[in-house]
Each structure stands twice: as C-alpha cells, then as structure tokens.
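For reference, the structure is listed below as structure tokens.
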Amino acid sequence: MIWNEAKECMSRDEMRALQSARLVKTVDRVYHNVEYYRKKMQALGIEPGDIKGVEDLHKLPFTTKDDLRDTYPFGLFAVPQSQIVRVHASSGTTGKATVVGYTRKDISIWSECVARAFSQAGLNRDDIIQVAYGYGLFTGGLGAHYGAENLGATVVPMSTGNTKKLTTMMKDFGVTAIACTPSYLLHIAETLEADGDLDKIKLKAAICGAEPWTEQMRIQIEEKLHINAHDIYGLSEIMGPGVACDCQYHKGLHVYEDHFLPEIIDPKTFEPLGEDETGELVFTTITKEGIPLIRYRTKDLTSINYGKCECGRTLARISRFKGRSDDMLIIRGVNVFPSQVEAALLELGETAPYYMIIVDRVNNLDTLEIQVEVGEEYFSDKISELEGLANRIGHAIQQAIGLSAKIKLVEPKTIERSMSKAVRVIDKRKLV
Amino acid sequence: MVVNQLSVFIENKAGRLEQVLEALKAEDINIISLSLADSSDYGLLRMIVSEPQKAKDSLKAKGFTAMLTPVLAVKLSHKVGQLQELLAKICEAGINVEYTYALATGSDDASIVIKTADVEKAMAVLEGTDIELIKADELG
C-alpha cells in the first residue's frame with residue numbers, strides 16, 4: 001500500500017515545483033530566524049531573494065556536524081523554545097552531543113514519513129509491531145514508535161536489552177513486524193533458532209536501520225526468518241529514521257523528498273554530481289520548523305536515481321550506502337568518532353594518546369576493543385594496578401561514547417605512528 | 001637490604017618473552033630468578049638479574065616497558081615452617097605481602113623474593129630478627 005499516493009507518486013515536474021516553493025520558504029525562514037545562517041549567507045553575499053527554486057540550491061552554504069557543535073545546544077533552532085515539544089541528541093565529533101528540536105508539526109511529519117516506510121514494508125493497522133530500537137535521546141525508538149502509532153498498528157515498545165522477553169512476547173502476542181537494527185535482528189533470529197521457536201512466530205516483516213548492513217545480510221535475515229526485510233535510513237540532524245526506506249522491490253531507498261531535498265556532491269570539490277554518480281549525500285529540510293538545516297552534509301556515500309519505481313512511486317531512490325567520507329563508525333547503532341576516544345584518553349591522562357579501535361562482529365553483534373599503549377610513566381609491576389588502569393580507561397570511554405569497550409593494554413610503540421593521518425580504526429565487519 | 005627487581009610488561013604474543021631474554025643475553029645479563037604473572041592479555045615478567053639498571057636501560061632502548069621495583073631477598077633454610085615464621089613477622093607488623101617467588105642463589109639454602117606494600121618498613125622489621133636478608137652485591 002502507498003501511504004500518501006499524492007506525494008509519493010507525483011510527477012517529477014510537480015515534485016520539483018513543490019520542492020522549489022518549500023525551499024524558498026525555508027531559506028527565507030532560516031535567514032530571518034537563525035542568526036548563524038543569516039551570517040553564513042551574508043558572508044557569501046546571498047539574500048533570500050536569490051534563491052528562486054531548486055536550481056539555486058548550489059548557491060547555498062553547507063551545514064556540517066561542526067556547525068551544530070558550534071551552536072550547541074539550541075543555536076540553530078528556528079522557532080522559540082516554547083514551540084519545541086521534544087529534543088533528541090546524537091554523538092558529536094567531540095564531547096558535545098548534537099542536539100535537535102522538533103515542533104508539534106515536525107513530529108507529525110516525522111510520524112507520517114515512518115508510516116510511509118512501514119506501508120512500504122506491507123504493514124497496516126492490523127499489524128503488531130515491536131519497536132526494539134533504544135528509547136531515549138536516540139531517535140530510533142520514539143521515531144519508529146510514533147510512526148507505527150500513526151499507521152494505526154499495535155505498538156509493543158520493547159526498547160533494547162532483554163532478548164528473551166522480546167522473543168517470548170513475539171510468540172505470545174503474535175507480533176507481525178519488528179523495527180530494530182539489522183545486527184540485533186540476526187541475534188534475535190539466532191535466539192529463536194536456539195530455542196526451537198522459529199516456527200512459532202508470526203513475523204512477516206522487519207524494518208531495520210541505524211547501522212550499515214549489506215544486501216547479503218538483508219537476504220540472510222529474510223531467509224532465516226521467512227520475512228521481508230526493509231532498509232530504513234535516517235539521521236537525527238535531518239529527522240531520525242524515516243528519511244528514506246526501500247519498497248518490496250529493494251532497488252534503492254525511496255527518499256521522502258517532499259520533506260527532505262537530496263543532493264549528491266563530490267566530497268572533495270563540493271560540486272553537485274549527476275544522477276547515478278556516487279558521492280556524498282546532502283539534505284536540505286524543506287518543511288522542518290524546529291531545526292531546518294540547509295545542505296546538511298551526511299558524510300554518507302551513495303548515488304541517486306530519479307526513475308519511476310516498479311512499485312509506482314516516483315520518489316527518488318538512493319542506492320545502498322557505499323561507506324562514509326569521514327571516520328564515523330556506527331557500532332551497535334551508536335555513532336562513534338575516533339576523536340571521542342582520543343579526547344577521553346587525553347582527559348584521563350593516564351595513558352599515551354596512542355590507541356587502536358578494533359570493531360568486529362561476533363554472533364551478529366558488534367564488538368568493540370580499544371587497544372591502549374601502556375607508557376613507561378603509567379606502568380606498574382602489579383597486575384591489580386594495571387587492571388585498575390584498564391577499568392578506569394573503560395569507564396572513561398563508556399562515559400564518552402555510551403558503549404562498553406574491551407580495553408586491551410599493549411606495549412609502547414606497538415601502535416603505528418604516522419606522519420600523515422594515522423590509522424586508528426580496524427573495522428573487521430566487512431559491511432560494504 | 002633492598003634488591004632491585006626488573007619488571008617487564010609483555011603482551012601475550014608469540015615470541016615476545018624470548019625477545020626480552022634475547023635482549024638481556026645480548027647485554028650479558030644473568031637472570032638469577034624469575035616469575036611470570038599473566039592475565040588474559042598481557043604478562044608481567046619479574047626478574048632478579050645481575051645488573052638491573054643496565055638491564056632496564058637496554059630493554060628500554062629496545063622499546064620494552066620495564067621498571068625497577070624494590071623487593072626483599074630473604075635467606076631461608078630448608079626447614080619446615082621457615083617461610084611461615086618469616087611471614088608471621090611481616091604480618092604482625094601489619095604489612096601486606098603483594099607477591100613472592102623463589103630465589104635461586106646456588107647455595108644449599110632456600111631463598112625467596114618478597115614484595116610488600118611498604119618495603120622499607122618490612123626491612124626494618126626483619127633487621128631486628130635473626131632472619132638474613134641477601135644484599136644486592138651477593139647476587140649475580
């Protein structure tokens with residue numbers, strides 16, 4: 001079923017006209033309501049009147065995570081705080097979180113986008129959906145929850161953490177769909193298999209996102225659970241989950257471009273790229289009130305196709321992600337920057353600032369090991385003190401990134417020194 | 001007398017212990033006694049060697065993390081209860097023993113290396129008794 005046929009199937013010309021009108025309004029609003037954008041535009045010599053439509057998009061300045069950090073916490077909000085009904089936050093590149101705010105209308109649009117995604121997965125009001133993303137500052141839990149409620153489905157707000165309870169309810173309630181990270185779903189599938197419960201569930205679809213996964217993994221999930229697995233994309237800066245999702249044909253993710261105007265740019269020259277050319281995905285929010293962002297650089301690498309899909313939707317499709325143009329890692333659905341680990345180590349001051357982050361996937365769950373050099377000045381010949389040091393490092397890292405990590409103390413000079421950009425991450429997950 | 005023990009941090013990697021020993025051999029350093037404490041990721045090699053300072057410097061130059069730790073070397077005779085009597089004296093003084101291992105001196109007597117939380121205090125306690133401490137220059 002198509003949730004909003006008028007928008008999801010409009011002709012390219014109509015879509016472009018709609019986007020142009022909404023873009024003009026957005027630019028006008030941020031210019032007048034957000035000092036940071038006004039200054040950015042003035043520095044480039046641009047006034048709202050210069051932006052007449054999508055064709056002028058390239059004239060506008062980019063926005064990055066650093067801009068959100070510089071204006072922390074509410075500096076990019078375009079409405080008074082009294083109109084903000086909710087905030088979410090994600091990891092920043094350093095200690096500070098990236099904070100976003102939503103008006104009542106933003107929440108309503110977000111709920112519609114997620115409902116569109118669930119519809120693409122063949123779900124409706126007759127379904128029972130378990131939301132097994134984390135609930136809280138992370139957009140996953142509440143985003144999927146509101147979308148599922150908007151759809152009219154019965155929502156089971158599981159959050160994460162208790163897999164046995166989840167599988168028990170999945171069986172007992174006759175749950176038909178689940179929203180969670182793909183790695184967690186594989187873990188759930190293995191739990192069901194180990195308990196001999198695979199044929200006792202009524203699951204028919206999964207909407208997975210918040211971390212990169214491969215087409216092979218998607219097919220593996222489908223075959224193991226006998227369901228349809230869909231890839232939902234989003235980021236808190238733009239909205240949260242529900243910026244794009246694939247349909248039953250799985251030929252790219254339909255972008256809800258009546259709200260989020262996509263572009264692909266060359267991450268080095270910043271020049272716009274054409275259809276099917278791979279580059280960095282950039283979004284301009286064109287209906288958002290709380291925190292409208294102009295040309296936000298997602299750092300995700302992909303391409304766009306504007307052809308009509310077999311499902312009938314005309315919405316542009318982005319291909320599976322081909323990596324990132326920065327060093328951000330997504331571990332168990334949580335964004336992690338190596339710079340956060342470095343800052344935590346420097347702040348602790350008990351180790352050399354040389355570290356190696358090793359990410360792997362064991363039994364379909366991400367593992368995180370951080371190797372830290374034991375410098376002579378921090379060395380003790382007592383195991384209890386070395387263990388205490390490892391525990392303090394582990395605690396500092398957990399505080400910084402919100403994930404527990406196995407800390408491995410290594411000998412000095414074993415981590416590569418490099419004159420240029422040092423390799424600080426070994427990702428063994430082979431996700432791309 | 002306080003003896004300087006050489007402690008080396010060794011990652012659990014094949015060949016690493018051998019490399020430490022090779023470095024010591026190259027400097028003509030004699031290992032009198034050793035103990036290896038291990039955790040899942042790394043080991044601590046504790047040694048009584050002929051020239052601790054020179055050993056430490058040469059290991060450091062080769063990129064190892066090494067340090068000198070003051071410990072006591074105590075002579076015991078091969079009699080039942082000798083070690084217990086020694087520890088009783090240290091415990092009576094309220095001193096915590098961190099680790100201990102056998103020391104090979106080549107003589108007929110048994111000896112041990114003992115690391116306490118407060119080495120100076122332990123030494124003071126033992127000096128007032130008939131227990132014999134081994135001096136650094138008696139080793140090697």
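Ordering of the structure tokens sets the chain letters (A, B, ...), residue numbers begin anew at 1 in every chain, and ligands are numbered from 1 in the order given.
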**Contact set, chain A to chain B: 7 Å, only C-alpha atoms, as a ChimeraX atom specification** = /A:375-376,381,408,410-413
**Request:** Find the residues around His78 (chain B) up to 9 Å (only C-alpha atoms counted), leave out those fewer than 2 positions away in its own chain, and share them as a PyMOL selection string.
**Result:** chain B and resi 76+80+82+108-110
**Request:** Find the residues near Leu24 (chain B): any atom within 8 Å, counting only C-alpha atoms, skip ones fewer than 3 places away on the same chain, and give them as a list in words.
**Result:**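 Residues near the query, excluding close chain neighbours: Val20, Leu21, Glu27, Asp28, Ile29, Asn30, Ala55, Ser58 and Leu59 of chain B.
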Could you please take those selected residues and save C-alpha atoms as a PDB file, in the first residue's frame?
ATOM      1  CA  VAL B  20      63.131  -9.951  26.172  1.00  0.00           C
ATOM      2  CA  LEU B  21      65.522 -12.743  27.058  1.00  0.00           C
ATOM      3  CA  GLU B  27      73.984  -7.342  27.192  1.00  0.00           C
ATOM      4  CA  ASP B  28      75.495 -10.322  29.042  1.00  0.00           C
ATOM      5  CA  ILE B  29      73.000 -10.038  31.857  1.00  0.00           C
ATOM      6  CA  ASN B  30      72.485 -13.061  34.055  1.00  0.00           C
ATOM      7  CA  ALA B  55      69.185  -4.424  32.009  1.00  0.00           C
ATOM      8  CA  SER B  58      68.883  -1.847  27.397  1.00  0.00           C
ATOM      9  CA  LEU B  59      65.300  -3.099  27.390  1.00  0.00           C
TER      10      LEU B  59
END
**Nearby residues (only C-alpha atoms) at most 12 Å from Tyr135 (chain A), same-chain spacing under 6 positions excluded, as a PyMOL selection string** = chain A and resi 88-89+141-146+157-161+180
**Request:** Report the distance between CA of Cys247 (chain A) and CA of Arg125 (chain A) in Å, rounded to one decimal place.
**Result:**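 If I compute the distance from CA of Cys247 (chain A) to CA of Arg125 (chain A), I get 18.1 Å.
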**Asked** Where does DSSP see alpha helix (DSSP H) in region 50-135 of chain B, if you list the residues as a ChimeraX atom specification?
**Response** /B:52-61,82-92,119-127
**Within 8 Å of Ile415 (chain A) using only C-alpha atoms, minus same-chain residues under 4 positions, as an NGL selection string** = :A and (354-356 or 373)
Name the residues of region 79-269 of chain A that come out as strand (DSSP E or B) in a backbone DSSP run; write them as a compact mmCIF listing (two decimals) with all heavy atoms, in the first residue's frame.
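Written file, states_34.txt:
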# COMPACT_ATOMS: atom_id res chain seq x y z
N ILE A 84 9.04 24.22 20.80
CA ILE A 84 9.72 22.92 20.69
C ILE A 84 9.05 21.96 21.68
O ILE A 84 8.95 22.26 22.87
CB ILE A 84 11.22 23.06 21.05
CG1 ILE A 84 11.92 23.98 20.04
CG2 ILE A 84 11.91 21.69 21.13
CD1 ILE A 84 12.12 23.42 18.66
N VAL A 85 8.59 20.81 21.15
CA VAL A 85 7.93 19.86 22.04
C VAL A 85 8.83 18.68 22.41
O VAL A 85 8.51 17.89 23.28
CB VAL A 85 6.60 19.33 21.45
CG1 VAL A 85 5.60 20.46 21.27
CG2 VAL A 85 6.83 18.60 20.14
N ARG A 86 9.93 18.53 21.71
CA ARG A 86 10.84 17.41 22.05
C ARG A 86 12.24 17.71 21.52
O ARG A 86 12.39 18.39 20.51
CB ARG A 86 10.34 16.12 21.40
CG ARG A 86 11.04 14.88 21.96
CD ARG A 86 10.89 13.67 21.09
NE ARG A 86 9.53 13.24 20.91
CZ ARG A 86 9.17 12.30 20.03
NH1 ARG A 86 10.09 11.71 19.29
NH2 ARG A 86 7.92 11.96 19.89
N VAL A 87 13.24 17.20 22.23
CA VAL A 87 14.60 17.22 21.68
C VAL A 87 15.13 15.78 21.62
O VAL A 87 14.70 14.92 22.38
CB VAL A 87 15.59 18.08 22.50
CG1 VAL A 87 15.25 19.55 22.43
CG2 VAL A 87 15.68 17.60 23.94
N HIS A 88 16.04 15.56 20.68
CA HIS A 88 16.80 14.32 20.63
C HIS A 88 18.26 14.73 20.53
O HIS A 88 18.58 15.89 20.21
CB HIS A 88 16.41 13.47 19.41
CG HIS A 88 15.16 12.68 19.61
ND1 HIS A 88 15.10 11.59 20.45
CD2 HIS A 88 13.91 12.79 19.08
CE1 HIS A 88 13.88 11.09 20.44
NE2 HIS A 88 13.14 11.80 19.61
N ALA A 89 19.15 13.78 20.77
CA ALA A 89 20.58 14.09 20.66
C ALA A 89 21.34 12.88 20.16
O ALA A 89 20.96 11.74 20.43
CB ALA A 89 21.12 14.52 22.03
N SER A 90 22.38 13.14 19.41
CA SER A 90 23.27 12.06 18.96
C SER A 90 24.70 12.47 19.24
O SER A 90 24.96 13.58 19.70
CB SER A 90 23.07 11.77 17.48
OG SER A 90 23.50 12.86 16.70
N THR A 98 25.12 16.34 19.59
CA THR A 98 24.43 17.11 18.57
C THR A 98 22.95 17.09 18.95
O THR A 98 22.34 16.04 19.03
CB THR A 98 24.63 16.43 17.20
OG1 THR A 98 26.02 16.41 16.92
CG2 THR A 98 23.90 17.17 16.11
N VAL A 99 22.40 18.28 19.20
CA VAL A 99 21.03 18.37 19.72
C VAL A 99 20.09 18.87 18.63
O VAL A 99 20.41 19.82 17.91
CB VAL A 99 20.98 19.34 20.93
CG1 VAL A 99 19.57 19.39 21.51
CG2 VAL A 99 21.98 18.93 21.98
N VAL A 100 18.94 18.22 18.50
CA VAL A 100 17.94 18.67 17.53
C VAL A 100 16.60 18.85 18.24
O VAL A 100 16.33 18.19 19.24
CB VAL A 100 17.79 17.67 16.36
CG1 VAL A 100 19.04 17.67 15.49
CG2 VAL A 100 17.51 16.27 16.87
N GLY A 101 15.76 19.75 17.72
CA GLY A 101 14.48 20.03 18.35
C GLY A 101 13.34 19.90 17.35
O GLY A 101 13.52 20.12 16.15
N TYR A 102 12.18 19.50 17.84
CA TYR A 102 11.02 19.26 16.98
C TYR A 102 9.82 20.07 17.47
O TYR A 102 9.55 20.11 18.67
CB TYR A 102 10.63 17.78 17.02
CG TYR A 102 11.73 16.84 16.61
CD1 TYR A 102 12.77 16.53 17.50
CD2 TYR A 102 11.75 16.25 15.35
CE1 TYR A 102 13.78 15.66 17.13
CE2 TYR A 102 12.77 15.38 14.97
CZ TYR A 102 13.79 15.09 15.87
OH TYR A 102 14.79 14.24 15.51
N THR A 103 9.11 20.67 16.53
CA THR A 103 7.82 21.27 16.88
C THR A 103 6.76 20.17 16.77
O THR A 103 7.04 19.08 16.27
CB THR A 103 7.45 22.40 15.91
OG1 THR A 103 7.25 21.83 14.60
CG2 THR A 103 8.52 23.48 15.85
N ILE A 128 0.95 -5.99 14.44
CA ILE A 128 1.50 -5.77 15.79
C ILE A 128 3.00 -5.58 15.60
O ILE A 128 3.69 -6.48 15.11
CB ILE A 128 1.22 -6.96 16.72
CG1 ILE A 128 -0.29 -7.20 16.82
CG2 ILE A 128 1.84 -6.72 18.11
CD1 ILE A 128 -0.66 -8.42 17.66
N ILE A 129 3.48 -4.39 15.93
CA ILE A 129 4.88 -4.04 15.65
C ILE A 129 5.67 -3.90 16.95
O ILE A 129 5.31 -3.12 17.84
CB ILE A 129 4.97 -2.73 14.84
CG1 ILE A 129 4.14 -2.85 13.54
CG2 ILE A 129 6.43 -2.39 14.54
CD1 ILE A 129 4.12 -1.56 12.70
N GLN A 130 6.75 -4.66 17.06
CA GLN A 130 7.67 -4.48 18.19
C GLN A 130 8.72 -3.46 17.79
O GLN A 130 9.40 -3.62 16.77
CB GLN A 130 8.38 -5.81 18.51
CG GLN A 130 7.67 -6.63 19.56
CD GLN A 130 8.37 -7.95 19.84
OE1 GLN A 130 8.97 -8.56 18.95
NE2 GLN A 130 8.28 -8.42 21.06
N VAL A 131 8.84 -2.42 18.59
CA VAL A 131 9.91 -1.45 18.35
C VAL A 131 11.05 -1.79 19.29
O VAL A 131 10.93 -1.67 20.51
CB VAL A 131 9.42 -0.01 18.56
CG1 VAL A 131 10.59 0.97 18.42
CG2 VAL A 131 8.33 0.34 17.54
N THR A 154 -0.61 -1.87 16.27
CA THR A 154 -0.45 -2.02 17.72
C THR A 154 1.05 -2.03 18.01
O THR A 154 1.78 -2.86 17.49
CB THR A 154 -1.07 -3.36 18.17
OG1 THR A 154 -2.42 -3.39 17.73
CG2 THR A 154 -0.99 -3.52 19.68
N VAL A 155 1.47 -1.08 18.83
CA VAL A 155 2.90 -0.96 19.09
C VAL A 155 3.29 -1.66 20.39
O VAL A 155 2.63 -1.46 21.42
CB VAL A 155 3.35 0.52 19.18
CG1 VAL A 155 4.87 0.61 19.25
CG2 VAL A 155 2.83 1.31 17.99
N VAL A 156 4.34 -2.45 20.33
CA VAL A 156 4.91 -3.04 21.55
C VAL A 156 6.27 -2.35 21.75
O VAL A 156 7.23 -2.65 21.06
CB VAL A 156 5.12 -4.57 21.39
CG1 VAL A 156 5.55 -5.18 22.72
CG2 VAL A 156 3.85 -5.23 20.87
N PRO A 157 6.33 -1.41 22.68
CA PRO A 157 7.58 -0.63 22.85
C PRO A 157 8.63 -1.38 23.67
O PRO A 157 8.79 -1.15 24.85
CB PRO A 157 7.11 0.64 23.56
CG PRO A 157 5.88 0.24 24.29
CD PRO A 157 5.26 -0.94 23.58
N ALA A 177 5.61 -7.68 12.95
CA ALA A 177 6.72 -6.89 12.38
C ALA A 177 7.59 -6.37 13.51
O ALA A 177 7.14 -6.21 14.65
CB ALA A 177 6.19 -5.73 11.55
N ILE A 178 8.83 -6.11 13.15
CA ILE A 178 9.77 -5.59 14.15
C ILE A 178 10.61 -4.48 13.54
O ILE A 178 10.95 -4.53 12.35
CB ILE A 178 10.66 -6.72 14.72
CG1 ILE A 178 11.55 -6.20 15.86
CG2 ILE A 178 11.50 -7.38 13.62
CD1 ILE A 178 12.17 -7.28 16.70
N ALA A 179 10.89 -3.47 14.34
CA ALA A 179 11.80 -2.40 13.91
C ALA A 179 12.98 -2.42 14.86
O ALA A 179 12.81 -2.28 16.08
CB ALA A 179 11.09 -1.04 13.98
N CYS A 180 14.18 -2.66 14.32
CA CYS A 180 15.38 -2.72 15.16
C CYS A 180 16.61 -2.65 14.25
O CYS A 180 16.47 -2.56 13.04
CB CYS A 180 15.41 -4.01 15.98
SG CYS A 180 15.46 -5.51 14.99
N ALA A 205 7.53 -9.09 8.57
CA ALA A 205 8.39 -8.02 8.04
C ALA A 205 9.27 -7.42 9.12
O ALA A 205 8.94 -7.46 10.31
CB ALA A 205 7.53 -6.92 7.41
N ALA A 206 10.39 -6.88 8.68
CA ALA A 206 11.28 -6.16 9.59
C ALA A 206 11.69 -4.87 8.92
O ALA A 206 11.88 -4.83 7.69
CB ALA A 206 12.51 -7.01 9.91
N ILE A 207 11.78 -3.82 9.72
CA ILE A 207 12.24 -2.52 9.20
C ILE A 207 13.51 -2.22 9.98
O ILE A 207 13.46 -1.90 11.17
CB ILE A 207 11.18 -1.42 9.39
CG1 ILE A 207 9.90 -1.80 8.66
CG2 ILE A 207 11.68 -0.10 8.85
CD1 ILE A 207 8.92 -2.57 9.48
N CYS A 208 14.63 -2.39 9.30
CA CYS A 208 15.91 -2.31 10.00
C CYS A 208 16.71 -1.09 9.55
O CYS A 208 16.71 -0.73 8.38
CB CYS A 208 16.73 -3.56 9.74
SG CYS A 208 15.94 -5.04 10.35
N GLY A 209 17.41 -0.50 10.48
CA GLY A 209 18.24 0.65 10.14
C GLY A 209 19.15 1.01 11.27
O GLY A 209 19.43 0.20 12.15
N ASN A 228 10.03 -10.37 5.02
CA ASN A 228 10.59 -9.33 4.15
C ASN A 228 11.35 -8.36 5.04
O ASN A 228 10.80 -7.88 6.04
CB ASN A 228 9.48 -8.56 3.43
CG ASN A 228 8.77 -9.44 2.41
OD1 ASN A 228 9.43 -10.11 1.61
ND2 ASN A 228 7.46 -9.46 2.47
N ALA A 229 12.59 -8.09 4.68
CA ALA A 229 13.38 -7.16 5.49
C ALA A 229 13.62 -5.88 4.69
O ALA A 229 14.02 -5.94 3.52
CB ALA A 229 14.71 -7.80 5.88
N HIS A 230 13.31 -4.76 5.33
CA HIS A 230 13.46 -3.46 4.65
C HIS A 230 14.52 -2.61 5.33
O HIS A 230 14.74 -2.72 6.53
CB HIS A 230 12.10 -2.72 4.66
CG HIS A 230 11.09 -3.40 3.81
ND1 HIS A 230 10.78 -2.98 2.54
CD2 HIS A 230 10.34 -4.50 4.03
CE1 HIS A 230 9.87 -3.79 2.02
NE2 HIS A 230 9.58 -4.73 2.91
N ASP A 231 15.11 -1.76 4.51
CA ASP A 231 16.21 -0.92 4.97
C ASP A 231 15.67 0.50 5.15
O ASP A 231 15.27 1.15 4.18
CB ASP A 231 17.31 -0.95 3.88
CG ASP A 231 18.60 -0.27 4.32
OD1 ASP A 231 18.68 0.17 5.49
OD2 ASP A 231 19.51 -0.18 3.48
N ILE A 232 15.64 0.97 6.38
CA ILE A 232 15.17 2.33 6.64
C ILE A 232 16.38 3.19 6.98
O ILE A 232 17.30 2.76 7.65
CB ILE A 232 14.10 2.36 7.78
CG1 ILE A 232 13.42 3.73 7.85
CG2 ILE A 232 14.70 1.98 9.12
CD1 ILE A 232 12.17 3.74 8.71
N TYR A 233 16.38 4.41 6.42
CA TYR A 233 17.52 5.30 6.62
C TYR A 233 17.06 6.59 7.28
O TYR A 233 15.94 7.06 7.05
CB TYR A 233 18.17 5.62 5.27
CG TYR A 233 19.25 6.69 5.33
CD1 TYR A 233 20.51 6.41 5.85
CD2 TYR A 233 19.01 7.98 4.85
CE1 TYR A 233 21.49 7.38 5.91
CE2 TYR A 233 19.99 8.96 4.91
CZ TYR A 233 21.23 8.66 5.43
OH TYR A 233 22.21 9.62 5.49
N GLY A 234 17.95 7.13 8.07
CA GLY A 234 17.64 8.42 8.66
C GLY A 234 18.80 8.88 9.51
O GLY A 234 19.72 8.13 9.78
N LEU A 235 18.73 10.12 9.91
CA LEU A 235 19.74 10.67 10.82
C LEU A 235 19.07 11.77 11.61
O LEU A 235 18.18 12.46 11.10
CB LEU A 235 20.99 11.16 10.08
CG LEU A 235 20.91 12.25 9.04
CD1 LEU A 235 22.33 12.70 8.70
CD2 LEU A 235 20.26 11.74 7.76
N GLY A 240 15.51 11.71 11.81
CA GLY A 240 15.56 10.46 12.54
C GLY A 240 15.24 9.38 11.52
O GLY A 240 15.22 9.66 10.32
N PRO A 241 14.94 8.15 11.95
CA PRO A 241 14.60 7.12 10.96
C PRO A 241 13.37 7.56 10.18
O PRO A 241 12.47 8.19 10.74
CB PRO A 241 14.30 5.89 11.83
CG PRO A 241 13.96 6.44 13.18
CD PRO A 241 14.80 7.67 13.32
N GLY A 242 13.35 7.23 8.88
CA GLY A 242 12.19 7.63 8.09
C GLY A 242 12.51 8.75 7.12
O GLY A 242 11.63 9.46 6.66
N VAL A 243 13.78 8.94 6.81
CA VAL A 243 14.15 9.89 5.76
C VAL A 243 14.03 9.18 4.41
O VAL A 243 13.64 9.77 3.41
CB VAL A 243 15.59 10.42 5.97
CG1 VAL A 243 16.08 11.24 4.79
CG2 VAL A 243 15.64 11.26 7.25
N ALA A 244 14.31 7.87 4.42
CA ALA A 244 14.19 7.05 3.20
C ALA A 244 14.01 5.59 3.61
O ALA A 244 14.43 5.19 4.69
CB ALA A 244 15.44 7.20 2.33
N CYS A 245 13.38 4.81 2.73
CA CYS A 245 13.19 3.38 3.01
C CYS A 245 12.96 2.66 1.69
O CYS A 245 12.44 3.25 0.75
CB CYS A 245 11.99 3.18 3.93
SG CYS A 245 11.79 1.48 4.53
N ASP A 246 13.38 1.39 1.63
CA ASP A 246 13.16 0.67 0.37
C ASP A 246 11.78 0.01 0.35
O ASP A 246 11.18 -0.26 1.39
CB ASP A 246 14.28 -0.35 0.09
CG ASP A 246 14.43 -1.40 1.17
OD1 ASP A 246 13.78 -1.27 2.23
OD2 ASP A 246 15.19 -2.35 0.96
N LEU A 253 16.51 3.05 -1.83
CA LEU A 253 15.63 3.56 -0.77
C LEU A 253 14.91 4.81 -1.25
O LEU A 253 15.55 5.79 -1.66
CB LEU A 253 16.47 3.91 0.47
CG LEU A 253 16.94 2.75 1.36
CD1 LEU A 253 17.96 1.89 0.62
CD2 LEU A 253 17.55 3.28 2.64
N HIS A 254 13.57 4.79 -1.23
CA HIS A 254 12.79 5.97 -1.62
C HIS A 254 12.99 7.08 -0.60
O HIS A 254 12.74 6.89 0.59
CB HIS A 254 11.30 5.62 -1.69
CG HIS A 254 10.96 4.69 -2.81
ND1 HIS A 254 10.91 5.11 -4.12
CD2 HIS A 254 10.67 3.37 -2.84
CE1 HIS A 254 10.59 4.09 -4.90
NE2 HIS A 254 10.45 3.01 -4.15
N VAL A 255 13.41 8.24 -1.09
CA VAL A 255 13.62 9.39 -0.21
C VAL A 255 12.31 10.18 -0.14
O VAL A 255 11.70 10.46 -1.16
CB VAL A 255 14.74 10.30 -0.75
CG1 VAL A 255 14.92 11.52 0.14
CG2 VAL A 255 16.04 9.55 -0.88
N PHE A 260 12.53 16.20 2.50
CA PHE A 260 13.99 16.22 2.59
C PHE A 260 14.57 16.25 1.18
O PHE A 260 14.52 15.25 0.47
CB PHE A 260 14.49 14.98 3.34
CG PHE A 260 13.64 14.62 4.53
CD1 PHE A 260 12.87 13.45 4.55
CD2 PHE A 260 13.58 15.47 5.63
CE1 PHE A 260 12.08 13.13 5.64
CE2 PHE A 260 12.79 15.16 6.73
CZ PHE A 260 12.03 13.99 6.74
N LEU A 261 15.08 17.39 0.79
CA LEU A 261 15.57 17.57 -0.58
C LEU A 261 17.00 17.03 -0.68
O LEU A 261 17.92 17.55 -0.05
CB LEU A 261 15.53 19.08 -0.90
CG LEU A 261 16.05 19.55 -2.25
CD1 LEU A 261 15.32 18.87 -3.40
CD2 LEU A 261 15.88 21.07 -2.36
N PRO A 262 17.19 15.96 -1.47
CA PRO A 262 18.52 15.34 -1.53
C PRO A 262 19.39 15.87 -2.67
O PRO A 262 18.89 16.32 -3.69
CB PRO A 262 18.20 13.87 -1.77
CG PRO A 262 16.95 13.89 -2.59
CD PRO A 262 16.21 15.18 -2.25
N GLU A 263 20.69 15.85 -2.44
CA GLU A 263 21.67 16.15 -3.49
C GLU A 263 22.83 15.17 -3.29
O GLU A 263 23.05 14.69 -2.19
CB GLU A 263 22.34 17.52 -3.27
CG GLU A 263 21.56 18.75 -3.37
CD GLU A 263 22.48 19.92 -2.96
OE1 GLU A 263 23.23 20.43 -3.81
OE2 GLU A 263 22.43 20.29 -1.77
N ILE A 264 23.61 14.98 -4.33
CA ILE A 264 24.85 14.22 -4.21
C ILE A 264 25.96 15.17 -4.64
O ILE A 264 25.88 15.81 -5.69
CB ILE A 264 24.85 12.98 -5.14
CG1 ILE A 264 23.73 12.01 -4.78
CG2 ILE A 264 26.22 12.28 -5.08
CD1 ILE A 264 23.91 11.27 -3.47
N ILE A 265 26.99 15.29 -3.78
CA ILE A 265 28.11 16.17 -4.13
C ILE A 265 29.42 15.38 -4.12
O ILE A 265 29.50 14.32 -3.50
CB ILE A 265 28.24 17.37 -3.16
CG1 ILE A 265 28.49 16.88 -1.72
CG2 ILE A 265 27.02 18.27 -3.23
CD1 ILE A 265 29.14 17.90 -0.82
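One distance worth recording is that between CA of Asn4 (chain B) and CA of Leu139 (chain B), which is 10.9 Å.
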**Message:** Which residues are near Val119 (chain B)? Cut-off 10 Å, only C-alpha atoms, ignore same chain within fewer than 2 positions. Put them as a VMD selection string.
**Reply:** chain B and resid 1 to 2 69 to 72 95 to 97 114 to 117 121 to 125
**Message:** When you look at Arg332 (chain A) with a cut-off of 12 Å (counting only C-alpha atoms), what residues show up, excluding the ones that are within fewer than 5 positions of it in the same chain? I need them as a PyMOL selection string.
**Reply:** chain A and resi 133-134+160-161+180-185+187+209-213+359-362+364-368+401-405+429
**Nearest to Arg324 (chain A), chosen from A:Ser303, A:Thr139, A:Thr191, A:Thr298, with only C-alpha atoms counted in the distances** = A:Thr298
